[in-house]
Amino acid sequence: MIAIVDYGMGNLRSVQKSFERVGASAVIVSSAEEISRASKVILPGVGAFGDAMTNLQNRGLVRPLVEAIRAGRPFLGICLGLQLLFDVGYEDGEFTGLGLVPGRVVRFNFDGRPAARDLKIPHMGWNQVTWSDPCPLTTGIPSGSYFYFVHSYYVDPIDPAYTYGTCDYGDPFTAIIWRYNLFATQFHPEKSQKLGLQILENFANL
Amino acid sequence: MLAKRIIPCLDVHAGRVVKGVNFVNLRDAGNPVEIAKRYESEGADELVFLDITASHEGRDIMLDVVKHVAEECFMPFTVGGGIRTIEDVTRLVQAGAEKVSINTAAVLNPAIITETARRFGRCCTVVNIDPKRVHMNGREIWDVHIHGGRTPTGLEAVAWARRVEELGAGEIVLTCMDADGTQDGYDLEITRAVAEAVHIPVVASGGAGKPEHLADAVTLGKADAALVASIFHFGSYTIRETKQLMADRGIPMRL
């Protein structure tokens, strides 16, 4: 069973419907017990980092999430679900994350960068993601394909081994994380039309 | 590179898309879900649904439309029209809208911008600004209008754009009223002035009549995206050929 974790951060139906579209079934879950029983876990989410961590803690979901990842079960974080994996986030304050990937989540900042003066924040729209090695998540998708992004903060991993796909906005930043069973995208596969659905199908087929 | 976006805008009345949408081979020419899917397959980057129904019954029908589109279309879309309260915003977001677009209520009650951003994130919070060129005491001002363009506010467009950014807006849709409906092209002067004044994305709107106008909006007008109403509806131009023309001019596009 693929479990989509509902922790009060956004509408999850589109993620669920995307799996249906590619012939997989996914269940929206909100309890620790359901996460523990899942064979694969999806952590989506839109909104603020601090609110998201508070919700996960209040609902007792931090431990089951960490355990699912440590147990080697396939995990996919989407957008905020990618950022929460990190040590610390700086959205409207300083908040401790899940600490599964060493590094920080920081805001785009183009001050004092004449060449990047016209870049707007949020980074909103379709941008290209590139990678150099094969990965089960991107099977059948050419490097350089466009995916839909909408975010003002990006992840900055300390260990480059976590970064699989990169995107360029002012500077290159990490758009896909991949380490063993841990996958996460800064873009929204469920909003990225055909190629986004391919990512979810690949994840379902792991 | 971040691509410039083309965003078809669909007017919805009582659950049906109105205003001469004329796709060939569409089983139901007014069905929002079918039209959205067609635009998705033609390469639209986002969609905007504008609820032009005035009644309360119409609002509930709109929520149904949003729910169906969110379940059937795997692309981002914004919903606007008639949003008055944070409860209206909440219902639309819960129904599956990525972004909500606020116009009149943003002027009458600016706190709704901040509250929407706080609850659902800046990225979800779009403010529509409808300026009209008005002459006053021998000088021209770009006067922001509300109530569907009927009521002048005395707010100056560039200053108001800066203000909505401060209040928490994550994007501005700028519909220049003098150009709107003319098909003579976007108002590049106002668009550029607003786009250069803020750090959030600006969507040019009003006046597109041919693909070159969209190219101008994102180059000369410095917009991040171009909203179009009728030019694709009538089948005179396709999204694909428009994107190709823009790409040929060196504009980053998702082809």
# chains A, B, ... in the order shown; residues from 1 in each chain; ligands from 1
>>> closest_atom_pairs(of="chain B", to="chain A", cutoff="9 Å", atoms="only C-alpha atoms", output="CSV")
residue,atom,partner,partner_atom,distance
B:Met1,CA,A:Asn127,CA,5.7
B:Leu2,CA,A:Asn127,CA,4.4
B:Ala3,CA,A:Trp126,CA,5.6
B:Lys4,CA,A:Gly125,CA,7.7
B:Arg5,CA,A:Gly125,CA,7.0
B:Glu40,CA,A:Gln193,CA,7.5
B:Ser41,CA,A:Gln193,CA,8.7
B:Asp45,CA,A:Trp126,CA,7.5
B:Glu46,CA,A:Gly125,CA,8.5
B:Ala70,CA,A:Ser14,CA,6.0
B:Glu71,CA,A:Ser14,CA,5.6
B:Glu72,CA,A:Lys17,CA,7.6
B:Cys73,CA,A:Gln193,CA,7.8
B:Phe74,CA,A:Lys191,CA,4.6
B:Met75,CA,A:Lys191,CA,4.1
B:Pro76,CA,A:Lys191,CA,5.6
B:Val93,CA,A:Asn11,CA,7.2
B:Gln94,CA,A:Asn11,CA,5.8
B:Ala95,CA,A:Asn11,CA,7.4
B:Gly96,CA,A:Asn11,CA,5.8
B:Ala97,CA,A:Asn11,CA,8.5
B:Glu98,CA,A:Asn11,CA,8.7
B:Ala117,CA,A:Gly47,CA,8.8
B:Arg118,CA,A:Ala48,CA,8.3
B:Arg119,CA,A:Gly47,CA,7.5
B:Phe120,CA,A:Gly47,CA,5.6
B:Gly121,CA,A:Gly47,CA,4.9
B:Arg122,CA,A:Pro122,CA,8.0
B:Cys123,CA,A:Val150,CA,6.5
B:Cys124,CA,A:Gly47,CA,8.8
B:Gly170,CA,A:Pro122,CA,6.5
B:Glu171,CA,A:Pro122,CA,8.2
B:Glu196,CA,A:Asp118,CA,7.9
B:Val198,CA,A:Lys120,CA,8.3
B:His199,CA,A:Lys120,CA,5.1
B:Ile200,CA,A:Lys120,CA,5.0
B:Pro201,CA,A:Lys120,CA,5.6
B:Val202,CA,A:Lys120,CA,8.9
B:Lys222,CA,A:Asp118,CA,8.6
B:Asp224,CA,A:Lys120,CA,8.5
B:Met253,CA,A:Trp126,CA,8.6
B:Arg254,CA,A:Tyr146,CA,6.7
>>> residues_around(residues="Tyr39 in chain B", least_positions_apart="4", cutoff="12 Å", atoms="only C-alpha atoms", output="NGL selection string")
(:A and (193)) or (:B and (6-10 or 21 or 23 or 26 or 32-35 or 43-48 or 69 or 73-77 or 232-233 or 235 or 238-240))
>>> select_by_dssp(residues="range 55-157 of chain A", states="strand (DSSP E)", output="MDAnalysis selection string")
chainID A and resid 75:78 86:89 95:96 101:107 123:130 145:151 153:157
>>> write_last_selection(atoms="N, CA and C atoms", output="short mmCIF file (atom, residue, chain, number, x, y, z; two decimals), in the first residue's frame")
data_model
loop_
_atom_site.label_atom_id
_atom_site.label_comp_id
_atom_site.auth_asym_id
_atom_site.auth_seq_id
_atom_site.Cartn_x
_atom_site.Cartn_y
_atom_site.Cartn_z
N PHE A 75 10.38 5.98 -0.06
CA PHE A 75 9.78 7.22 0.46
C PHE A 75 9.92 8.29 -0.60
N LEU A 76 8.84 9.05 -0.80
CA LEU A 76 8.89 10.17 -1.75
C LEU A 76 8.38 11.44 -1.07
N GLY A 77 9.25 12.42 -0.94
CA GLY A 77 8.84 13.73 -0.43
C GLY A 77 8.57 14.65 -1.61
N ILE A 78 7.54 15.48 -1.50
CA ILE A 78 7.20 16.41 -2.58
C ILE A 78 7.17 17.83 -2.02
N PHE A 86 15.27 17.91 5.95
CA PHE A 86 16.55 18.52 6.30
C PHE A 86 16.64 18.87 7.80
N ASP A 87 17.84 19.29 8.21
CA ASP A 87 18.08 19.60 9.62
C ASP A 87 17.29 20.81 10.09
N VAL A 88 17.32 21.86 9.25
CA VAL A 88 16.79 23.12 9.74
C VAL A 88 16.22 23.95 8.57
N GLY A 89 15.10 24.63 8.86
CA GLY A 89 14.47 25.50 7.86
C GLY A 89 14.38 26.92 8.39
N PHE A 95 13.56 26.67 12.34
CA PHE A 95 12.81 25.51 12.79
C PHE A 95 13.59 24.22 12.52
N THR A 96 13.53 23.32 13.48
CA THR A 96 14.20 22.04 13.32
C THR A 96 13.36 21.13 12.43
N VAL A 101 18.38 14.40 6.25
CA VAL A 101 19.39 14.81 5.27
C VAL A 101 20.14 15.99 5.87
N PRO A 102 21.46 15.88 6.00
CA PRO A 102 22.21 17.00 6.59
C PRO A 102 22.17 18.22 5.68
N GLY A 103 21.77 19.35 6.24
CA GLY A 103 21.74 20.57 5.44
C GLY A 103 20.61 21.48 5.88
N ARG A 104 20.47 22.59 5.12
CA ARG A 104 19.53 23.64 5.51
C ARG A 104 18.55 23.93 4.39
N VAL A 105 17.46 24.61 4.76
CA VAL A 105 16.49 25.08 3.77
C VAL A 105 16.50 26.60 3.84
N VAL A 106 16.89 27.24 2.75
CA VAL A 106 17.10 28.69 2.78
C VAL A 106 16.33 29.38 1.66
N ARG A 107 16.14 30.68 1.83
CA ARG A 107 15.37 31.46 0.87
C ARG A 107 16.24 31.86 -0.32
N HIS A 123 9.95 31.26 -7.01
CA HIS A 123 10.31 30.58 -8.24
C HIS A 123 9.07 29.81 -8.65
N MET A 124 8.36 30.33 -9.65
CA MET A 124 7.04 29.81 -9.97
C MET A 124 6.95 29.50 -11.45
N GLY A 125 6.66 28.25 -11.78
CA GLY A 125 6.48 27.89 -13.18
C GLY A 125 7.27 26.65 -13.55
N TRP A 126 7.49 26.49 -14.85
CA TRP A 126 8.12 25.28 -15.38
C TRP A 126 9.60 25.52 -15.59
N ASN A 127 10.41 24.66 -14.99
CA ASN A 127 11.85 24.80 -15.15
C ASN A 127 12.46 23.41 -15.43
N GLN A 128 13.66 23.44 -16.00
CA GLN A 128 14.30 22.19 -16.41
C GLN A 128 15.09 21.56 -15.26
N VAL A 129 15.00 20.24 -15.19
CA VAL A 129 15.76 19.49 -14.20
C VAL A 129 16.71 18.56 -14.95
N THR A 130 17.98 18.60 -14.53
CA THR A 130 18.97 17.76 -15.21
C THR A 130 19.61 16.79 -14.23
N SER A 145 14.18 17.75 -18.81
CA SER A 145 12.73 17.92 -18.94
C SER A 145 12.22 19.01 -17.99
N TYR A 146 11.07 19.57 -18.34
CA TYR A 146 10.45 20.62 -17.53
C TYR A 146 9.49 20.04 -16.50
N PHE A 147 9.57 20.60 -15.28
CA PHE A 147 8.63 20.24 -14.22
C PHE A 147 8.12 21.52 -13.56
N TYR A 148 6.98 21.41 -12.86
CA TYR A 148 6.35 22.60 -12.29
C TYR A 148 6.82 22.86 -10.85
N PHE A 149 7.40 24.04 -10.67
CA PHE A 149 7.91 24.47 -9.36
C PHE A 149 7.07 25.61 -8.80
N VAL A 150 6.92 25.64 -7.49
CA VAL A 150 6.39 26.84 -6.86
C VAL A 150 6.90 26.87 -5.43
N HIS A 151 7.94 27.69 -5.21
CA HIS A 151 8.58 27.74 -3.89
C HIS A 151 9.48 28.97 -3.77
N TYR A 153 11.80 28.88 -1.03
CA TYR A 153 12.94 28.32 -0.29
C TYR A 153 13.45 27.09 -1.04
N TYR A 154 14.74 26.83 -0.91
CA TYR A 154 15.31 25.66 -1.58
C TYR A 154 16.23 24.93 -0.61
N VAL A 155 16.53 23.67 -0.91
CA VAL A 155 17.35 22.88 0.02
C VAL A 155 18.82 22.95 -0.38
N ASP A 156 19.66 22.95 0.64
CA ASP A 156 21.10 23.07 0.45
C ASP A 156 21.79 21.94 1.23
N PRO A 157 21.89 20.75 0.64
CA PRO A 157 22.48 19.62 1.36
C PRO A 157 23.98 19.79 1.54
#
>>> atom_distance(atom1="CA of Leu80 in chain A", atom2="CA of Gly45 in chain A")
5.1 Å
>>> residues_around(residues="Ala175 in chain A", least_positions_apart="2", cutoff="8 Å", atoms="only C-alpha atoms", output="ChimeraX atom specification")
/A:129,163-167,173,177,185-187
>>> write_last_selection(atoms="C-alpha atoms", output="PDB file, in the first residue's frame")
ATOM      1  CA  VAL A 129      15.759  19.490 -14.198  1.00  0.00           C
ATOM      2  CA  THR A 163      21.629  15.544  -4.838  1.00  0.00           C
ATOM      3  CA  TYR A 164      20.449  13.631  -7.882  1.00  0.00           C
ATOM      4  CA  GLY A 165      18.730  16.253 -10.063  1.00  0.00           C
ATOM      5  CA  THR A 166      19.489  19.951 -10.259  1.00  0.00           C
ATOM      6  CA  CYS A 167      17.620  22.981 -11.528  1.00  0.00           C
ATOM      7  CA  PHE A 173      19.926  24.131  -6.671  1.00  0.00           C
ATOM      8  CA  ILE A 177      17.147  14.015  -3.726  1.00  0.00           C
ATOM      9  CA  THR A 185      11.419  16.380  -5.468  1.00  0.00           C
ATOM     10  CA  GLN A 186      11.220  20.144  -5.041  1.00  0.00           C
ATOM     11  CA  PHE A 187       8.809  20.310  -8.001  1.00  0.00           C
TER      12      PHE A 187
END
>>> residues_around(residues="Leu84 in chain A", least_positions_apart="2", cutoff="7 Å", atoms="only C-alpha atoms", output="PyMOL selection string")
chain A and resi 49+80-82+86+97-98
>>> write_last_selection(atoms="C-alpha atoms", output="JSON list (two decimals), in the first residue's frame")
[["chain", "number", "residue", "atom", "x", "y", "z"],
["A", 49, "PHE", "CA", 8.05, 24.78, 7.25],
["A", 80, "LEU", "CA", 7.61, 20.93, 1.44],
["A", 81, "GLY", "CA", 7.90, 17.14, 1.94],
["A", 82, "LEU", "CA", 11.43, 17.41, 0.52],
["A", 86, "PHE", "CA", 16.55, 18.52, 6.30],
["A", 97, "GLY", "CA", 13.31, 19.57, 10.57],
["A", 98, "LEU", "CA", 13.31, 15.78, 10.48]]
>>> atom_distance(atom1="CA of Pro136 in chain A", atom2="CA of Leu206 in chain A")
7.2 Å
>>> select_by_dssp(residues="range 49-181 of chain A", states="helix (DSSP H, G or I)", output="JSON, numbers by chain")
{"A": [49, 50, 51, 52, 53, 54, 55, 56, 57, 58, 62, 63, 64, 65, 66, 67, 68, 69, 70, 80, 81, 82, 83, 114, 115, 116, 136, 137, 138, 160, 161, 162]}
>>> write_last_selection(atoms="N, CA and C atoms", output="compact mmCIF listing (two decimals), in the first residue's frame")
# COMPACT_ATOMS: atom_id res chain seq x y z
N PHE A 49 7.22 25.83 6.64
CA PHE A 49 8.05 24.78 7.25
C PHE A 49 7.71 24.58 8.73
N GLY A 50 7.65 25.69 9.47
CA GLY A 50 7.41 25.60 10.92
C GLY A 50 6.04 25.00 11.24
N ASP A 51 5.00 25.45 10.54
CA ASP A 51 3.66 24.90 10.73
C ASP A 51 3.65 23.41 10.45
N ALA A 52 4.35 23.02 9.39
CA ALA A 52 4.36 21.62 8.98
C ALA A 52 4.99 20.74 10.05
N MET A 53 6.13 21.20 10.61
CA MET A 53 6.80 20.41 11.66
C MET A 53 5.91 20.32 12.91
N THR A 54 5.27 21.45 13.24
CA THR A 54 4.37 21.45 14.41
C THR A 54 3.25 20.42 14.19
N ASN A 55 2.66 20.43 13.00
CA ASN A 55 1.58 19.49 12.72
C ASN A 55 2.06 18.04 12.81
N LEU A 56 3.23 17.76 12.25
CA LEU A 56 3.75 16.38 12.29
C LEU A 56 3.97 15.95 13.74
N GLN A 57 4.51 16.88 14.55
CA GLN A 57 4.77 16.55 15.95
C GLN A 57 3.48 16.34 16.73
N ASN A 58 2.53 17.27 16.55
CA ASN A 58 1.27 17.17 17.30
C ASN A 58 0.49 15.91 16.95
N VAL A 62 6.18 12.07 13.43
CA VAL A 62 7.61 12.18 13.16
C VAL A 62 8.28 10.81 13.24
N ARG A 63 8.02 10.11 14.34
CA ARG A 63 8.68 8.81 14.53
C ARG A 63 8.35 7.78 13.45
N PRO A 64 7.06 7.56 13.16
CA PRO A 64 6.75 6.58 12.11
C PRO A 64 7.35 6.94 10.75
N LEU A 65 7.46 8.23 10.45
CA LEU A 65 8.07 8.64 9.18
C LEU A 65 9.55 8.29 9.16
N VAL A 66 10.23 8.65 10.25
CA VAL A 66 11.66 8.37 10.34
C VAL A 66 11.91 6.86 10.31
N GLU A 67 11.07 6.13 11.01
CA GLU A 67 11.23 4.66 11.04
C GLU A 67 11.00 4.04 9.67
N ALA A 68 10.00 4.56 8.94
CA ALA A 68 9.71 4.01 7.60
C ALA A 68 10.92 4.19 6.70
N ILE A 69 11.56 5.37 6.79
CA ILE A 69 12.72 5.64 5.94
C ILE A 69 13.91 4.78 6.38
N ARG A 70 14.14 4.70 7.68
CA ARG A 70 15.27 3.91 8.19
C ARG A 70 15.09 2.43 7.89
N LEU A 80 7.35 20.78 0.01
CA LEU A 80 7.61 20.93 1.44
C LEU A 80 8.04 19.58 2.04
N GLY A 81 7.53 18.49 1.49
CA GLY A 81 7.90 17.14 1.94
C GLY A 81 9.36 16.81 1.67
N LEU A 82 9.98 17.51 0.74
CA LEU A 82 11.43 17.41 0.52
C LEU A 82 12.15 18.24 1.58
N GLN A 83 11.66 19.46 1.78
CA GLN A 83 12.36 20.39 2.67
C GLN A 83 12.38 19.89 4.12
N PRO A 114 23.50 41.62 -9.96
CA PRO A 114 22.90 42.32 -11.10
C PRO A 114 22.37 41.35 -12.17
N ALA A 115 23.09 40.26 -12.39
CA ALA A 115 22.68 39.34 -13.45
C ALA A 115 21.37 38.64 -13.12
N ALA A 116 21.08 38.54 -11.82
CA ALA A 116 19.87 37.82 -11.40
C ALA A 116 18.77 38.78 -10.96
N PRO A 136 15.90 4.95 -10.71
CA PRO A 136 14.59 4.34 -10.95
C PRO A 136 13.44 5.35 -11.00
N LEU A 137 13.62 6.51 -10.34
CA LEU A 137 12.53 7.49 -10.32
C LEU A 137 12.35 8.19 -11.66
N THR A 138 13.43 8.29 -12.44
CA THR A 138 13.36 9.05 -13.69
C THR A 138 13.43 8.18 -14.94
N PRO A 160 27.00 16.33 -1.09
CA PRO A 160 26.49 16.36 -2.46
C PRO A 160 25.96 15.00 -2.95
N ALA A 161 26.28 13.95 -2.23
CA ALA A 161 25.82 12.62 -2.64
C ALA A 161 24.29 12.50 -2.62
N TYR A 162 23.63 13.40 -1.86
CA TYR A 162 22.17 13.35 -1.81
C TYR A 162 21.51 13.95 -3.05
>>> residues_around(residues="range 155-164 of chain B", least_positions_apart="2", cutoff="8 Å", atoms="only C-alpha atoms", output="list in words")
Pro110, Ile113, Val127, Ile129, Asp130, Pro131, Ile141, Trp142, Asp143, Val144, Thr153, Glu166, Leu167, Gly168, Ala169, Ile172, Ala193, Val194, Ala197 and Val198 of chain B
>>> write_last_selection(atoms="N, CA and C atoms", output="compact mmCIF listing (two decimals), in the first residue's frame")
# COMPACT_ATOMS: atom_id res chain seq x y z
N PRO B 110 -7.63 44.70 2.73
CA PRO B 110 -6.29 44.19 2.41
C PRO B 110 -5.80 43.07 3.33
N ILE B 113 -5.33 39.48 2.09
CA ILE B 113 -4.10 39.06 1.40
C ILE B 113 -3.16 38.39 2.41
N VAL B 127 -2.98 38.31 -6.41
CA VAL B 127 -3.84 39.50 -6.41
C VAL B 127 -4.00 40.01 -7.84
N ILE B 129 -4.94 43.01 -10.30
CA ILE B 129 -4.96 44.47 -10.31
C ILE B 129 -5.46 44.92 -11.68
N ASP B 130 -6.49 45.76 -11.69
CA ASP B 130 -7.08 46.24 -12.95
C ASP B 130 -6.90 47.75 -13.09
N PRO B 131 -5.79 48.21 -13.63
CA PRO B 131 -5.61 49.66 -13.77
C PRO B 131 -6.23 50.21 -15.07
N ILE B 141 -2.96 59.17 -14.31
CA ILE B 141 -2.63 58.16 -13.32
C ILE B 141 -3.23 56.83 -13.74
N TRP B 142 -2.58 55.76 -13.29
CA TRP B 142 -3.05 54.41 -13.61
C TRP B 142 -3.90 53.95 -12.43
N ASP B 143 -5.17 54.28 -12.53
CA ASP B 143 -6.10 54.14 -11.41
C ASP B 143 -6.62 52.71 -11.31
N VAL B 144 -6.39 52.08 -10.18
CA VAL B 144 -6.86 50.70 -9.96
C VAL B 144 -8.38 50.71 -9.83
N THR B 153 -10.72 53.44 -7.67
CA THR B 153 -10.37 53.44 -6.25
C THR B 153 -9.46 54.61 -5.87
N GLU B 166 4.06 43.54 -0.27
CA GLU B 166 4.35 43.65 1.17
C GLU B 166 3.35 42.88 2.02
N LEU B 167 2.09 42.93 1.59
CA LEU B 167 1.02 42.29 2.37
C LEU B 167 1.07 40.77 2.26
N GLY B 168 1.77 40.23 1.27
CA GLY B 168 1.91 38.77 1.21
C GLY B 168 1.54 38.13 -0.11
N ALA B 169 1.21 38.93 -1.13
CA ALA B 169 0.89 38.33 -2.42
C ALA B 169 2.12 37.64 -3.00
N ILE B 172 1.06 38.63 -9.13
CA ILE B 172 0.10 39.66 -9.53
C ILE B 172 -0.39 39.36 -10.94
N ALA B 193 6.21 48.70 -15.97
CA ALA B 193 6.38 49.51 -14.76
C ALA B 193 6.07 48.67 -13.52
N VAL B 194 5.00 47.89 -13.59
CA VAL B 194 4.63 47.06 -12.43
C VAL B 194 5.65 45.92 -12.26
N ALA B 197 8.67 47.01 -10.60
CA ALA B 197 8.50 47.57 -9.26
C ALA B 197 8.43 46.50 -8.18
N VAL B 198 8.12 45.27 -8.54
CA VAL B 198 7.94 44.22 -7.52
C VAL B 198 8.92 43.07 -7.75
>>> residues_around(residues="His213 in chain B", least_positions_apart="2", cutoff="12 Å", atoms="only C-alpha atoms", output="PyMOL selection string")
chain B and resi 6+179+182-188+204-211+215-221+223+225-228+231+242-243+245-246
>>> write_last_selection(atoms="N, CA and C atoms", output="short mmCIF file (atom, residue, chain, number, x, y, z; two decimals), in the first residue's frame")
data_model
loop_
_atom_site.label_atom_id
_atom_site.label_comp_id
_atom_site.auth_asym_id
_atom_site.auth_seq_id
_atom_site.Cartn_x
_atom_site.Cartn_y
_atom_site.Cartn_z
N ILE B 6 2.30 30.51 -20.56
CA ILE B 6 1.08 30.93 -21.26
C ILE B 6 -0.11 30.35 -20.49
N ALA B 179 -6.49 48.26 -22.60
CA ALA B 179 -6.10 47.31 -23.65
C ALA B 179 -7.06 46.13 -23.71
N THR B 182 -9.33 44.71 -26.70
CA THR B 182 -9.01 45.36 -27.98
C THR B 182 -8.36 44.40 -28.97
N GLN B 183 -7.68 43.39 -28.47
CA GLN B 183 -6.87 42.49 -29.30
C GLN B 183 -5.73 43.23 -30.01
N ASP B 184 -5.39 44.42 -29.50
CA ASP B 184 -4.31 45.20 -30.10
C ASP B 184 -2.98 45.00 -29.38
N GLY B 185 -2.97 44.15 -28.39
CA GLY B 185 -1.74 43.92 -27.64
C GLY B 185 -1.86 44.39 -26.20
N TYR B 186 -0.97 43.85 -25.36
CA TYR B 186 -0.98 44.21 -23.94
C TYR B 186 -0.52 45.65 -23.77
N ASP B 187 -0.86 46.25 -22.65
CA ASP B 187 -0.35 47.58 -22.31
C ASP B 187 1.07 47.38 -21.76
N LEU B 188 2.04 47.53 -22.64
CA LEU B 188 3.42 47.20 -22.28
C LEU B 188 4.00 48.19 -21.28
N ALA B 204 0.88 39.29 -17.33
CA ALA B 204 0.25 40.31 -18.17
C ALA B 204 -1.11 39.81 -18.61
N SER B 205 -2.08 40.71 -18.63
CA SER B 205 -3.43 40.31 -19.03
C SER B 205 -4.14 41.45 -19.73
N GLY B 206 -4.94 41.10 -20.74
CA GLY B 206 -5.76 42.09 -21.43
C GLY B 206 -5.15 42.61 -22.71
N GLY B 207 -5.74 42.22 -23.83
CA GLY B 207 -5.33 42.82 -25.10
C GLY B 207 -4.68 41.89 -26.10
N ALA B 208 -4.44 40.62 -25.73
CA ALA B 208 -3.76 39.72 -26.67
C ALA B 208 -4.64 39.43 -27.88
N GLY B 209 -4.07 39.63 -29.06
CA GLY B 209 -4.82 39.34 -30.29
C GLY B 209 -4.07 38.40 -31.20
N LYS B 210 -2.76 38.32 -31.01
CA LYS B 210 -1.94 37.41 -31.83
C LYS B 210 -0.69 37.01 -31.05
N PRO B 211 -0.02 35.94 -31.50
CA PRO B 211 1.12 35.41 -30.74
C PRO B 211 2.22 36.44 -30.47
N ALA B 215 4.71 37.51 -26.98
CA ALA B 215 6.16 37.66 -26.99
C ALA B 215 6.55 39.04 -26.46
N ASP B 216 5.83 40.06 -26.92
CA ASP B 216 6.11 41.43 -26.46
C ASP B 216 5.89 41.57 -24.96
N ALA B 217 4.84 40.93 -24.46
CA ALA B 217 4.51 41.06 -23.03
C ALA B 217 5.65 40.58 -22.14
N VAL B 218 6.33 39.49 -22.55
CA VAL B 218 7.38 38.95 -21.69
C VAL B 218 8.76 39.53 -21.99
N THR B 219 8.91 40.15 -23.16
CA THR B 219 10.20 40.79 -23.45
C THR B 219 10.12 42.28 -23.09
N LEU B 220 9.40 43.05 -23.89
CA LEU B 220 9.29 44.49 -23.62
C LEU B 220 8.53 44.78 -22.33
N GLY B 221 7.50 43.99 -22.06
CA GLY B 221 6.68 44.22 -20.87
C GLY B 221 7.27 43.61 -19.61
N ALA B 223 6.97 40.80 -18.32
CA ALA B 223 6.08 39.94 -17.55
C ALA B 223 6.67 38.54 -17.47
N ALA B 225 4.59 35.88 -17.31
CA ALA B 225 3.60 35.01 -17.93
C ALA B 225 2.60 35.88 -18.67
N ALA B 226 1.88 35.28 -19.61
CA ALA B 226 0.86 36.02 -20.33
C ALA B 226 -0.46 35.27 -20.24
N LEU B 227 -1.47 36.00 -19.80
CA LEU B 227 -2.82 35.45 -19.70
C LEU B 227 -3.55 35.75 -21.01
N VAL B 228 -4.27 34.77 -21.49
CA VAL B 228 -5.01 34.99 -22.73
C VAL B 228 -6.44 34.49 -22.56
N ILE B 231 -7.91 34.44 -27.71
CA ILE B 231 -7.23 34.13 -28.98
C ILE B 231 -7.11 32.64 -29.25
N THR B 242 2.11 29.37 -30.92
CA THR B 242 2.47 30.58 -30.17
C THR B 242 3.77 30.36 -29.41
N LYS B 243 3.86 29.20 -28.75
CA LYS B 243 5.08 28.89 -28.01
C LYS B 243 6.29 28.79 -28.93
N LEU B 245 6.70 30.30 -31.82
CA LEU B 245 7.07 31.65 -32.25
C LEU B 245 7.89 32.36 -31.16
N MET B 246 7.45 32.20 -29.91
CA MET B 246 8.16 32.86 -28.82
C MET B 246 9.55 32.25 -28.63
#
>>> closest_residue(among="A:Arg73, A:Leu200, A:Gly112, A:Trp131", to="Ser39 in chain A", atoms="only C-alpha atoms")
A:Arg73
